[in-house]
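Containing PDB, C-alpha atoms: final-v6.pdb.
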ATOM      1  CA  MET J  41      95.242 117.414 132.397  1.00  0.00           C
ATOM      2  CA  LYS J  42      97.321 118.822 135.209  1.00  0.00           C
ATOM      3  CA  LEU J  43      97.606 116.481 138.173  1.00  0.00           C
ATOM      4  CA  THR J  44      99.294 116.400 141.559  1.00  0.00           C
ATOM      5  CA  LEU J  45     100.536 112.962 142.559  1.00  0.00           C
ATOM      6  CA  ARG J  46     101.409 111.956 146.094  1.00  0.00           C
ATOM      7  CA  VAL J  47     103.362 108.725 145.694  1.00  0.00           C
ATOM      8  CA  TRP J  48     104.709 106.410 148.390  1.00  0.00           C
ATOM      9  CA  ARG J  49     108.492 106.258 148.127  1.00  0.00           C
ATOM     10  CA  GLN J  50     110.429 103.664 150.120  1.00  0.00           C
ATOM     11  CA  LYS J  51     113.952 102.586 149.247  1.00  0.00           C
ATOM     12  CA  ASN J  52     113.629  99.089 150.722  1.00  0.00           C
ATOM     13  CA  ALA J  53     111.884  97.104 153.424  1.00  0.00           C
ATOM     14  CA  ASP J  54     114.284  98.346 156.094  1.00  0.00           C
ATOM     15  CA  THR J  55     113.920 102.032 155.243  1.00  0.00           C
ATOM     16  CA  LYS J  56     111.147 104.303 156.455  1.00  0.00           C
ATOM     17  CA  GLY J  57     108.931 105.443 153.592  1.00  0.00           C
ATOM     18  CA  LYS J  58     107.042 108.667 152.944  1.00  0.00           C
ATOM     19  CA  MET J  59     104.631 110.277 150.493  1.00  0.00           C
ATOM     20  CA  VAL J  60     106.368 112.444 147.892  1.00  0.00           C
ATOM     21  CA  LYS J  61     104.528 115.049 145.817  1.00  0.00           C
ATOM     22  CA  TYR J  62     104.944 115.334 142.046  1.00  0.00           C
ATOM     23  CA  HIS J  63     103.277 117.545 139.441  1.00  0.00           C
ATOM     24  CA  LEU J  64     102.359 116.468 135.914  1.00  0.00           C
ATOM     25  CA  ASP J  65     101.117 118.936 133.308  1.00  0.00           C
ATOM     26  CA  ASP J  66     100.723 116.739 130.229  1.00  0.00           C
ATOM     27  CA  VAL J  67      98.409 113.864 131.173  1.00  0.00           C
ATOM     28  CA  GLU J  68      96.071 112.684 128.407  1.00  0.00           C
ATOM     29  CA  GLU J  69      92.663 111.378 129.434  1.00  0.00           C
ATOM     30  CA  ASP J  70      93.098 108.285 127.233  1.00  0.00           C
ATOM     31  CA  MET J  71      96.245 107.207 129.094  1.00  0.00           C
ATOM     32  CA  SER J  72      95.988 104.240 131.397  1.00  0.00           C
ATOM     33  CA  PHE J  73      97.065 104.815 135.002  1.00  0.00           C
ATOM     34  CA  LEU J  74     100.297 102.924 134.368  1.00  0.00           C
ATOM     35  CA  GLU J  75     101.022 104.979 131.254  1.00  0.00           C
ATOM     36  CA  MET J  76     100.626 108.066 133.398  1.00  0.00           C
ATOM     37  CA  LEU J  77     103.202 106.634 135.820  1.00  0.00           C
ATOM     38  CA  ASP J  78     105.464 105.949 132.823  1.00  0.00           C
ATOM     39  CA  VAL J  79     105.256 109.650 131.982  1.00  0.00           C
ATOM     40  CA  LEU J  80     106.139 110.510 135.576  1.00  0.00           C
ATOM     41  CA  ASN J  81     109.135 108.154 135.484  1.00  0.00           C
ATOM     42  CA  GLU J  82     110.379 109.616 132.193  1.00  0.00           C
ATOM     43  CA  LYS J  83     110.278 113.021 133.818  1.00  0.00           C
ATOM     44  CA  LEU J  84     112.124 111.747 136.904  1.00  0.00           C
ATOM     45  CA  VAL J  85     114.825 110.079 134.798  1.00  0.00           C
ATOM     46  CA  LEU J  86     115.351 113.281 132.790  1.00  0.00           C
ATOM     47  CA  ASP J  87     115.655 115.154 136.086  1.00  0.00           C
ATOM     48  CA  ASP J  88     118.250 112.585 137.227  1.00  0.00           C
ATOM     49  CA  GLU J  89     115.957 111.270 139.956  1.00  0.00           C
ATOM     50  CA  ASP J  90     115.130 107.698 140.927  1.00  0.00           C
ATOM     51  CA  PRO J  91     112.002 106.535 139.046  1.00  0.00           C
ATOM     52  CA  VAL J  92     109.036 105.115 140.947  1.00  0.00           C
ATOM     53  CA  SER J  93     109.143 101.325 141.151  1.00  0.00           C
ATOM     54  CA  PHE J  94     105.852  99.546 140.463  1.00  0.00           C
ATOM     55  CA  ASP J  95     104.821  96.077 139.302  1.00  0.00           C
ATOM     56  CA  HIS J  96     103.366  95.469 135.858  1.00  0.00           C
ATOM     57  CA  ASP J  97     103.408  92.830 133.160  1.00  0.00           C
ATOM     58  CA  CYS J  98     100.646  92.161 130.651  1.00  0.00           C
ATOM     59  CA  ARG J  99      98.754  95.442 131.216  1.00  0.00           C
ATOM     60  CA  GLU J 100      95.604  93.671 130.057  1.00  0.00           C
ATOM     61  CA  GLY J 101      93.948  92.954 133.404  1.00  0.00           C
ATOM     62  CA  ILE J 102      95.018  89.318 133.396  1.00  0.00           C
ATOM     63  CA  CYS J 103      98.222  88.867 135.395  1.00  0.00           C
ATOM     64  CA  GLY J 104      97.340  90.748 138.604  1.00  0.00           C
ATOM     65  CA  SER J 105     100.729  92.458 138.820  1.00  0.00           C
ATOM     66  CA  CYS J 106      99.551  96.085 138.859  1.00  0.00           C
ATOM     67  CA  ALA J 107      98.972  96.199 142.605  1.00  0.00           C
ATOM     68  CA  MET J 108      98.585  99.666 144.063  1.00  0.00           C
ATOM     69  CA  VAL J 109      96.151 101.603 146.206  1.00  0.00           C
ATOM     70  CA  ILE J 110      94.763 104.713 144.495  1.00  0.00           C
ATOM     71  CA  ASN J 111      93.072 107.317 146.678  1.00  0.00           C
ATOM     72  CA  GLY J 112      92.610 104.685 149.356  1.00  0.00           C
ATOM     73  CA  ILE J 113      91.032 102.070 147.073  1.00  0.00           C
ATOM     74  CA  PRO J 114      92.922  99.015 145.765  1.00  0.00           C
ATOM     75  CA  HIS J 115      93.150  99.360 141.964  1.00  0.00           C
ATOM     76  CA  GLY J 116      91.360 102.720 142.129  1.00  0.00           C
ATOM     77  CA  PRO J 117      87.795 104.030 141.958  1.00  0.00           C
ATOM     78  CA  GLN J 118      86.540 102.112 138.915  1.00  0.00           C
ATOM     79  CA  LYS J 119      84.759  98.924 140.015  1.00  0.00           C
ATOM     80  CA  ASN J 120      85.825  95.571 138.518  1.00  0.00           C
ATOM     81  CA  THR J 121      88.933  97.197 137.000  1.00  0.00           C
ATOM     82  CA  THR J 122      92.629  96.526 137.500  1.00  0.00           C
ATOM     83  CA  THR J 123      95.054  99.438 137.796  1.00  0.00           C
ATOM     84  CA  CYS J 124      96.421  98.812 134.305  1.00  0.00           C
ATOM     85  CA  GLN J 125      92.907  99.095 132.857  1.00  0.00           C
ATOM     86  CA  LEU J 126      92.036 102.231 134.813  1.00  0.00           C
ATOM     87  CA  HIS J 127      92.150 105.266 132.522  1.00  0.00           C
ATOM     88  CA  MET J 128      92.836 108.865 133.411  1.00  0.00           C
ATOM     89  CA  ARG J 129      89.441 109.974 132.069  1.00  0.00           C
ATOM     90  CA  HIS J 130      88.067 108.813 135.416  1.00  0.00           C
ATOM     91  CA  PHE J 131      89.958 111.674 137.065  1.00  0.00           C
ATOM     92  CA  LYS J 132      89.585 115.434 136.647  1.00  0.00           C
ATOM     93  CA  ASP J 133      91.970 118.235 135.754  1.00  0.00           C
ATOM     94  CA  GLY J 134      93.595 119.541 138.927  1.00  0.00           C
ATOM     95  CA  ASP J 135      92.999 116.380 140.961  1.00  0.00           C
ATOM     96  CA  THR J 136      95.395 115.248 143.677  1.00  0.00           C
ATOM     97  CA  ILE J 137      95.902 111.468 143.540  1.00  0.00           C
ATOM     98  CA  ASP J 138      97.438 109.390 146.321  1.00  0.00           C
ATOM     99  CA  VAL J 139      99.265 106.250 145.181  1.00  0.00           C
ATOM    100  CA  GLU J 140     100.379 103.671 147.751  1.00  0.00           C
ATOM    101  CA  PRO J 141     101.410 100.000 147.872  1.00  0.00           C
ATOM    102  CA  TRP J 142      99.308  97.169 149.310  1.00  0.00           C
ATOM    103  CA  ARG J 143      99.237  97.496 153.101  1.00  0.00           C
ATOM    104  CA  ALA J 144      99.410  94.101 154.785  1.00  0.00           C
ATOM    105  CA  ARG J 145     101.818  92.355 157.128  1.00  0.00           C
ATOM    106  CA  ALA J 146     101.990  89.378 154.768  1.00  0.00           C
ATOM    107  CA  PHE J 147     102.928  91.665 151.823  1.00  0.00           C
ATOM    108  CA  PRO J 148     106.125  93.481 152.892  1.00  0.00           C
ATOM    109  CA  VAL J 149     107.212  96.421 150.756  1.00  0.00           C
ATOM    110  CA  ILE J 150     110.200  95.707 148.510  1.00  0.00           C
ATOM    111  CA  LYS J 151     110.519  99.210 147.064  1.00  0.00           C
ATOM    112  CA  ASP J 152     108.069 102.073 146.530  1.00  0.00           C
ATOM    113  CA  LEU J 153     104.850 100.491 145.213  1.00  0.00           C
ATOM    114  CA  VAL J 154     106.283  96.964 144.866  1.00  0.00           C
ATOM    115  CA  THR J 155     105.341  94.426 147.536  1.00  0.00           C
ATOM    116  CA  ASP J 156     106.367  90.812 148.064  1.00  0.00           C
ATOM    117  CA  ARG J 157     103.225  88.757 147.385  1.00  0.00           C
ATOM    118  CA  SER J 158     104.962  85.382 147.302  1.00  0.00           C
ATOM    119  CA  ALA J 159     102.813  84.365 150.280  1.00  0.00           C
ATOM    120  CA  PHE J 160     100.052  83.718 147.739  1.00  0.00           C
ATOM    121  CA  ASP J 161     102.337  81.270 145.946  1.00  0.00           C
ATOM    122  CA  GLN J 162     102.821  79.370 149.183  1.00  0.00           C
ATOM    123  CA  ILE J 163      99.063  79.086 149.690  1.00  0.00           C
ATOM    124  CA  ILE J 164      98.720  77.663 146.177  1.00  0.00           C
ATOM    125  CA  GLN J 165     101.575  75.236 146.790  1.00  0.00           C
ATOM    126  CA  ALA J 166      99.781  73.977 149.895  1.00  0.00           C
ATOM    127  CA  GLY J 167      96.901  72.547 147.895  1.00  0.00           C
ATOM    128  CA  GLY J 168      95.782  74.573 144.909  1.00  0.00           C
ATOM    129  CA  TYR J 169      96.253  71.768 142.421  1.00  0.00           C
ATOM    130  CA  VAL J 170      94.844  68.430 141.303  1.00  0.00           C
ATOM    131  CA  SER J 171      97.397  65.614 141.592  1.00  0.00           C
ATOM    132  CA  VAL J 172      95.946  63.052 139.209  1.00  0.00           C
ATOM    133  CA  ASN J 173      97.458  61.554 136.088  1.00  0.00           C
ATOM    134  CA  THR J 174      95.108  62.783 133.380  1.00  0.00           C
ATOM    135  CA  GLY J 175      97.040  61.285 130.481  1.00  0.00           C
ATOM    136  CA  SER J 176      96.090  62.834 127.164  1.00  0.00           C
ATOM    137  CA  ALA J 177      93.391  65.481 126.963  1.00  0.00           C
ATOM    138  CA  PRO J 178      90.013  63.879 127.709  1.00  0.00           C
ATOM    139  CA  GLU J 179      87.062  64.207 125.383  1.00  0.00           C
ATOM    140  CA  ALA J 180      85.125  67.366 126.248  1.00  0.00           C
ATOM    141  CA  HIS J 181      81.953  65.601 127.383  1.00  0.00           C
ATOM    142  CA  ALA J 182      83.594  62.619 129.076  1.00  0.00           C
ATOM    143  CA  THR J 183      83.038  64.053 132.570  1.00  0.00           C
ATOM    144  CA  PRO J 184      79.650  65.779 132.841  1.00  0.00           C
ATOM    145  CA  VAL J 185      79.503  68.922 134.984  1.00  0.00           C
ATOM    146  CA  ASP J 186      76.176  70.510 135.827  1.00  0.00           C
ATOM    147  CA  LYS J 187      75.824  74.105 134.651  1.00  0.00           C
ATOM    148  CA  ALA J 188      75.399  75.642 138.101  1.00  0.00           C
ATOM    149  CA  SER J 189      78.658  74.083 139.338  1.00  0.00           C
ATOM    150  CA  ALA J 190      80.464  74.976 136.124  1.00  0.00           C
ATOM    151  CA  ASP J 191      79.333  78.608 136.350  1.00  0.00           C
ATOM    152  CA  ASP J 192      80.305  78.930 140.019  1.00  0.00           C
ATOM    153  CA  ALA J 193      83.675  77.255 139.398  1.00  0.00           C
ATOM    154  CA  PHE J 194      84.371  79.605 136.493  1.00  0.00           C
ATOM    155  CA  ASP J 195      83.471  82.643 138.608  1.00  0.00           C
ATOM    156  CA  ALA J 196      85.984  81.542 141.258  1.00  0.00           C
ATOM    157  CA  ALA J 197      88.642  80.663 138.673  1.00  0.00           C
ATOM    158  CA  THR J 198      88.690  84.244 137.369  1.00  0.00           C
ATOM    159  CA  CYS J 199      90.771  85.234 140.422  1.00  0.00           C
ATOM    160  CA  ILE J 200      94.085  86.674 139.191  1.00  0.00           C
ATOM    161  CA  GLY J 201      95.801  86.656 142.585  1.00  0.00           C
ATOM    162  CA  CYS J 202      96.435  90.403 142.666  1.00  0.00           C
ATOM    163  CA  GLY J 203      95.911  90.756 146.420  1.00  0.00           C
ATOM    164  CA  ALA J 204      93.392  93.613 146.330  1.00  0.00           C
ATOM    165  CA  CYS J 205      91.233  91.618 148.751  1.00  0.00           C
ATOM    166  CA  VAL J 206      94.067  91.615 151.291  1.00  0.00           C
ATOM    167  CA  ALA J 207      94.776  95.325 150.809  1.00  0.00           C
ATOM    168  CA  ALA J 208      91.110  96.234 151.325  1.00  0.00           C
ATOM    169  CA  CYS J 209      90.460  93.998 154.328  1.00  0.00           C
ATOM    170  CA  PRO J 210      90.852  95.811 157.677  1.00  0.00           C
ATOM    171  CA  ASN J 211      92.277  92.550 159.036  1.00  0.00           C
ATOM    172  CA  GLY J 212      94.626  91.898 156.107  1.00  0.00           C
ATOM    173  CA  SER J 213      92.855  88.595 155.427  1.00  0.00           C
ATOM    174  CA  SER J 214      93.441  86.594 152.247  1.00  0.00           C
ATOM    175  CA  MET J 215      90.230  84.618 152.715  1.00  0.00           C
ATOM    176  CA  LEU J 216      88.675  85.618 149.369  1.00  0.00           C
ATOM    177  CA  PHE J 217      91.812  84.567 147.475  1.00  0.00           C
ATOM    178  CA  THR J 218      92.074  81.238 149.307  1.00  0.00           C
ATOM    179  CA  ALA J 219      88.350  80.643 148.927  1.00  0.00           C
ATOM    180  CA  ALA J 220      88.477  81.267 145.174  1.00  0.00           C
ATOM    181  CA  LYS J 221      91.345  78.825 144.706  1.00  0.00           C
ATOM    182  CA  VAL J 222      89.679  76.154 146.853  1.00  0.00           C
ATOM    183  CA  THR J 223      86.224  76.666 145.363  1.00  0.00           C
ATOM    184  CA  HIS J 224      87.044  76.498 141.669  1.00  0.00           C
ATOM    185  CA  LEU J 225      88.633  73.061 142.135  1.00  0.00           C
ATOM    186  CA  GLY J 226      86.201  71.805 144.775  1.00  0.00           C
ATOM    187  CA  LEU J 227      83.171  72.302 142.553  1.00  0.00           C
ATOM    188  CA  LEU J 228      84.540  70.197 139.702  1.00  0.00           C
ATOM    189  CA  PRO J 229      84.735  66.380 139.510  1.00  0.00           C
ATOM    190  CA  GLN J 230      88.505  66.461 138.977  1.00  0.00           C
ATOM    191  CA  GLY J 231      88.978  68.216 142.308  1.00  0.00           C
ATOM    192  CA  GLN J 232      86.987  65.831 144.468  1.00  0.00           C
ATOM    193  CA  PRO J 233      89.728  63.352 145.572  1.00  0.00           C
ATOM    194  CA  GLU J 234      91.609  66.089 147.457  1.00  0.00           C
ATOM    195  CA  ARG J 235      88.712  68.389 148.250  1.00  0.00           C
ATOM    196  CA  ALA J 236      88.816  67.897 152.018  1.00  0.00           C
ATOM    197  CA  THR J 237      92.579  68.077 152.505  1.00  0.00           C
ATOM    198  CA  ARG J 238      92.840  70.996 150.054  1.00  0.00           C
ATOM    199  CA  ALA J 239      90.537  73.194 152.128  1.00  0.00           C
ATOM    200  CA  ILE J 240      92.286  72.311 155.387  1.00  0.00           C
ATOM    201  CA  THR J 241      95.880  72.681 154.166  1.00  0.00           C
ATOM    202  CA  MET J 242      95.389  75.926 152.232  1.00  0.00           C
ATOM    203  CA  LEU J 243      93.578  77.574 155.131  1.00  0.00           C
ATOM    204  CA  ALA J 244      96.271  76.390 157.543  1.00  0.00           C
ATOM    205  CA  LYS J 245      98.997  77.824 155.300  1.00  0.00           C
ATOM    206  CA  GLN J 246      97.121  81.125 155.098  1.00  0.00           C
ATOM    207  CA  ASP J 247      97.096  81.362 158.897  1.00  0.00           C
ATOM    208  CA  GLU J 248     100.744  80.334 159.108  1.00  0.00           C
ATOM    209  CA  LEU J 249     101.735  83.191 156.772  1.00  0.00           C
ATOM    210  CA  ASP J 250     100.258  85.771 159.153  1.00  0.00           C
ATOM    211  CA  PHE J 251      97.282  86.903 157.124  1.00  0.00           C
ATOM    212  CA  GLY J 252      94.511  88.259 159.331  1.00  0.00           C
ATOM    213  CA  GLY J 253      91.308  86.445 160.134  1.00  0.00           C
ATOM    214  CA  CYS J 254      88.110  86.944 158.148  1.00  0.00           C
ATOM    215  CA  THR J 255      85.278  88.761 159.942  1.00  0.00           C
ATOM    216  CA  ASN J 256      82.971  88.970 156.906  1.00  0.00           C
ATOM    217  CA  VAL J 257      83.370  92.729 156.418  1.00  0.00           C
ATOM    218  CA  GLY J 258      82.949  92.238 152.671  1.00  0.00           C
ATOM    219  CA  ALA J 259      85.469  94.882 151.573  1.00  0.00           C
ATOM    220  CA  CYS J 260      87.383  92.185 149.682  1.00  0.00           C
ATOM    221  CA  ALA J 261      84.541  91.458 147.280  1.00  0.00           C
ATOM    222  CA  GLU J 262      83.879  95.172 146.769  1.00  0.00           C
ATOM    223  CA  VAL J 263      87.366  95.843 145.384  1.00  0.00           C
ATOM    224  CA  CYS J 264      88.030  92.540 143.601  1.00  0.00           C
ATOM    225  CA  PRO J 265      88.737  93.481 139.959  1.00  0.00           C
ATOM    226  CA  LYS J 266      87.228  90.206 138.762  1.00  0.00           C
ATOM    227  CA  GLY J 267      84.117  90.345 140.911  1.00  0.00           C
ATOM    228  CA  ILE J 268      84.805  87.184 142.917  1.00  0.00           C
ATOM    229  CA  PRO J 269      81.627  86.761 144.991  1.00  0.00           C
ATOM    230  CA  LEU J 270      81.667  86.717 148.774  1.00  0.00           C
ATOM    231  CA  ALA J 271      79.803  83.406 148.538  1.00  0.00           C
ATOM    232  CA  SER J 272      83.173  81.793 147.734  1.00  0.00           C
ATOM    233  CA  ILE J 273      84.132  82.274 151.370  1.00  0.00           C
ATOM    234  CA  SER J 274      80.942  80.520 152.437  1.00  0.00           C
ATOM    235  CA  GLN J 275      81.891  77.617 150.173  1.00  0.00           C
ATOM    236  CA  LEU J 276      85.352  77.436 151.734  1.00  0.00           C
ATOM    237  CA  ASN J 277      83.865  77.448 155.239  1.00  0.00           C
ATOM    238  CA  HIS J 278      81.490  74.685 154.168  1.00  0.00           C
ATOM    239  CA  ASP J 279      84.370  72.575 152.858  1.00  0.00           C
ATOM    240  CA  VAL J 280      86.520  73.200 155.946  1.00  0.00           C
ATOM    241  CA  LEU J 281      83.681  72.244 158.286  1.00  0.00           C
ATOM    242  CA  GLY J 282      82.938  69.094 156.297  1.00  0.00           C
ATOM    243  CA  ALA J 283      86.606  68.159 156.186  1.00  0.00           C
ATOM    244  CA  THR J 284      87.008  68.743 159.925  1.00  0.00           C
ATOM    245  CA  LEU J 285      83.998  66.592 160.760  1.00  0.00           C
ATOM    246  CA  ALA J 286      85.381  63.899 158.468  1.00  0.00           C
ATOM    247  CA  GLY J 287      88.692  63.981 160.312  1.00  0.00           C
ATOM    248  CA  ALA J 288      90.835  65.465 157.555  1.00  0.00           C
ATOM    249  CA  ARG J 289      94.194  66.863 158.681  1.00  0.00           C
ATOM    250  CA  SER J 290      96.423  69.621 157.318  1.00  0.00           C
ATOM    251  CA  ASP J 291      99.512  67.455 157.640  1.00  0.00           C
TER
END

Represent the structure from my file as structure tokens, please.
Amino acid sequence: MKLTLRVWRQKNADTKGKMVKYHLDDVEEDMSFLEMLDVLNEKLVLDDEDPVSFDHDCREGICGSCAMVINGIPHGPQKNTTTCQLHMRHFKDGDTIDVEPWRARAFPVIKDLVTDRSAFDQIIQAGGYVSVNTGSAPEAHATPVDKASADDAFDAATCIGCGACVAACPNGSSMLFTAAKVTHLGLLPQGQPERATRAITMLAKQDELDFGGCTNVGACAEVCPKGIPLASISQLNHDVLGATLAGARSD
């Protein structure tokens, strides 16, 4: 395929960025989107130009590193798919493709398509853990969990922390991410001792880091590559309300 790429190029956070146009004539339909960018970078290096910086790691849809907006959609047009799993057969010969970084105040651009998403780490550090001494691995059936709770917890735990929810939200909210991390622990017995404080502290940290507020637009769930349901946000709101009424504090 022959493609025209319009890629966001930005030297660093203090430099003004712009869209730069590139042409590729040898794109195979079985390439992943990242492999196509590899081809572009090989061409740029051979032309003695600075290659496009972008995040990647496992390239198996697990790590959440491949964060970029493709034609205005986080991770691209294929639903429930990360950028690294998006293949060029979903595009057509002659297409023009816009490639941009996540756009959110809490995710400043480092270079080109690479953004600083360490704010997510800070939300996790605020309460996304269970601080109990478990000792050796418990027997599998020692702590019964009803199937409905187990299924809902597993759905929430599939969140890979990519940040697509933030990039898609018109408010730049990280509510779906925070909700997934609170919910998957709050639905399990092991997460009950800190359930109230977890919801309060993680939500407070989210607000502190300048993520926008949630107005239930639902764009986050539409672009989530793992299909995290919007109901996770309802569960977080439920836990926050219960914790507030119980007098739990974020400090």

Mind checking which residues fall within 10 Å of range 231-246 of chain J, counting all atoms listed in the file, ignoring those fewer than 6 positions away in the same chain, and posting them as number ranges by chain? J: 146, 159-160, 162-172, 213-215, 217-219, 221-225, 252-253, 275-284, 286-291

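The interatomic distance for the pair CA of Tyr62 in chain J and CA of Leu45 in chain J works out to 5.0 Å.
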
Can you spell out as a ChimeraX atom specification the set of residues that the PyMOL selection byres ((chain J and resi 63) around 7) selects in the structure I just provided? /J:43-45,61-62,64-65

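The residues caught by the PyMOL selection byres ((chain J and resi 141) around 7) in this file are Ala107, Met108, Val109, Glu140, Trp142, Arg143, Leu153, Val154 and Thr155 of chain J.
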
With the PyMOL selection byres ((chain J and resi 95-100) around 10) as the selection, what would be picked from this file? Answer as a VMD selection string, please. chain J and resid 72 74 to 75 93 to 94 101 to 108 122 to 125 152 to 155

d(CA of Val185 in chain J, CA of Leu227 in chain J) in Å: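 Value for the CA of Val185 in chain J-CA of Leu227 in chain J distance: 9.1 Å.
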
Please report the interatomic distance between CA of Gly134 in chain J and CA of Val92 in chain J in Å with one decimal.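 Value for the CA of Gly134 in chain J-CA of Val92 in chain J distance: 21.2 Å.
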
Can you work out which one of J:Asn81, J:Asn52, J:Asn120, J:Thr136 has the shortest atom-to-atom distance to Thr198 in chain J, counting all atoms listed in the file? J:Asn120

In the coordinate frame of the file, compute which residues have an atom within 10 Å of (110.9, 93.3, 149.3) when using all atoms listed in the file, and state them as a VMD selection string. chain J and resid 51 to 54 147 to 152 154 to 157

Residue among J:Asp250, J:Asp195, J:Asp138, J:Asp186 lying closest to Ile268 in chain J, counting all atoms listed in the file: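 That would be J:Asp195, the residue with the smallest distance to Ile268 in chain J.
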
If the box runs along x, y and z of the file and leaves 6 Å on each side of range 85-90 of chain J, what are its centre and edge lengths in Å, one decimal, as JSON?
{"center_x": 116.5, "center_y": 111.4, "center_z": 136.9, "size_x": 15.4, "size_y": 19.5, "size_z": 20.1}

Give me, as a list of chain:residue names, all polymer residues having an atom no more than 7 Å from Ala144 in chain J, counting all atoms listed in the file and skipping those fewer than 5 positions away in the same chain.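 Contacts, in chain order: J:Val206, J:Ala207, J:Gly212.
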
Counting all atoms listed in the file, the option among J:Lys266, J:Lys56, J:His130, J:Arg49 closest to Gly116 in chain J: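 For Gly116 in chain J, the nearest of the given residues is J:His130.
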
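Shortest separation to Gln118 in chain J among J:Ala180, J:Val263, J:Leu285, J:Leu270 occurs at residue J:Val263, atoms counted being all atoms listed in the file.
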
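Using all atoms listed in the file, the nearest neighbour of Asp192 in chain J within the list J:Gln230, J:Asn173, J:Pro178, J:Pro269 is J:Pro269.
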
Need to verify the contact set: Pro91 in chain J, 8 Å, all atoms listed in the file, exclusion of same-chain residues closer than 2 positions in sequence. Can you return it as JSON, numbers by chain? {"J": [80, 81, 82, 84, 85, 89, 93]}

Got a sec: who's within 7 Å of Thr121 in chain J, counting all atoms listed in the file, leaving out chain neighbours fewer than 5 positions off, as a list in words? His115, Leu126 and Pro265 of chain J

My list of candidates is J:Met128, J:Ile137, J:Leu228, J:Cys202. Which is closest to Lys187 in chain J when distances are computed with only C-alpha atoms?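 Comparing J:Met128, J:Ile137, J:Leu228, J:Cys202 against Lys187 in chain J, the winner is J:Leu228.
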
Would you mind putting N, CA, C and O atoms back on range 149-160 of chain J and writing the result as a tab-separated table (two decimals), in the coordinates of the input?
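Saved as result-v7.tsv:
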chain	number	residue	atom	x	y	z
J	149	VAL	N	106.78	95.55	151.85
J	149	VAL	CA	107.21	96.42	150.76
J	149	VAL	C	108.64	96.07	150.34
J	149	VAL	O	109.53	95.93	151.19
J	150	ILE	N	108.85	95.92	149.05
J	150	ILE	CA	110.20	95.71	148.51
J	150	ILE	C	110.83	97.05	148.16
J	150	ILE	O	111.93	97.37	148.58
J	151	LYS	N	110.08	97.86	147.39
J	151	LYS	CA	110.52	99.21	147.06
J	151	LYS	C	109.34	99.98	146.50
J	151	LYS	O	108.60	99.48	145.65
J	152	ASP	N	109.14	101.19	147.01
J	152	ASP	CA	108.07	102.07	146.53
J	152	ASP	C	106.72	101.36	146.54
J	152	ASP	O	106.19	101.05	147.59
J	153	LEU	N	106.17	101.09	145.33
J	153	LEU	CA	104.85	100.49	145.21
J	153	LEU	C	104.91	98.98	145.02
J	153	LEU	O	103.87	98.33	144.82
J	154	VAL	N	106.10	98.41	145.09
J	154	VAL	CA	106.28	96.96	144.87
J	154	VAL	C	106.27	96.23	146.21
J	154	VAL	O	107.03	96.57	147.12
J	155	THR	N	105.40	95.24	146.32
J	155	THR	CA	105.34	94.43	147.54
J	155	THR	C	105.63	92.96	147.21
J	155	THR	O	105.44	92.51	146.08
J	156	ASP	N	106.08	92.24	148.21
J	156	ASP	CA	106.37	90.81	148.06
J	156	ASP	C	105.08	90.04	148.32
J	156	ASP	O	104.63	89.90	149.45
J	157	ARG	N	104.48	89.50	147.25
J	157	ARG	CA	103.22	88.76	147.38
J	157	ARG	C	103.44	87.26	147.21
J	157	ARG	O	102.52	86.51	146.85
J	158	SER	N	104.66	86.81	147.47
J	158	SER	CA	104.96	85.38	147.30
J	158	SER	C	104.21	84.51	148.30
J	158	SER	O	104.15	83.29	148.15
J	159	ALA	N	103.62	85.13	149.33
J	159	ALA	CA	102.81	84.36	150.28
J	159	ALA	C	101.65	83.69	149.56
J	159	ALA	O	101.25	82.57	149.92
J	160	PHE	N	101.12	84.33	148.52
J	160	PHE	CA	100.05	83.72	147.74
J	160	PHE	C	100.54	82.44	147.06
J	160	PHE	O	99.80	81.46	146.96
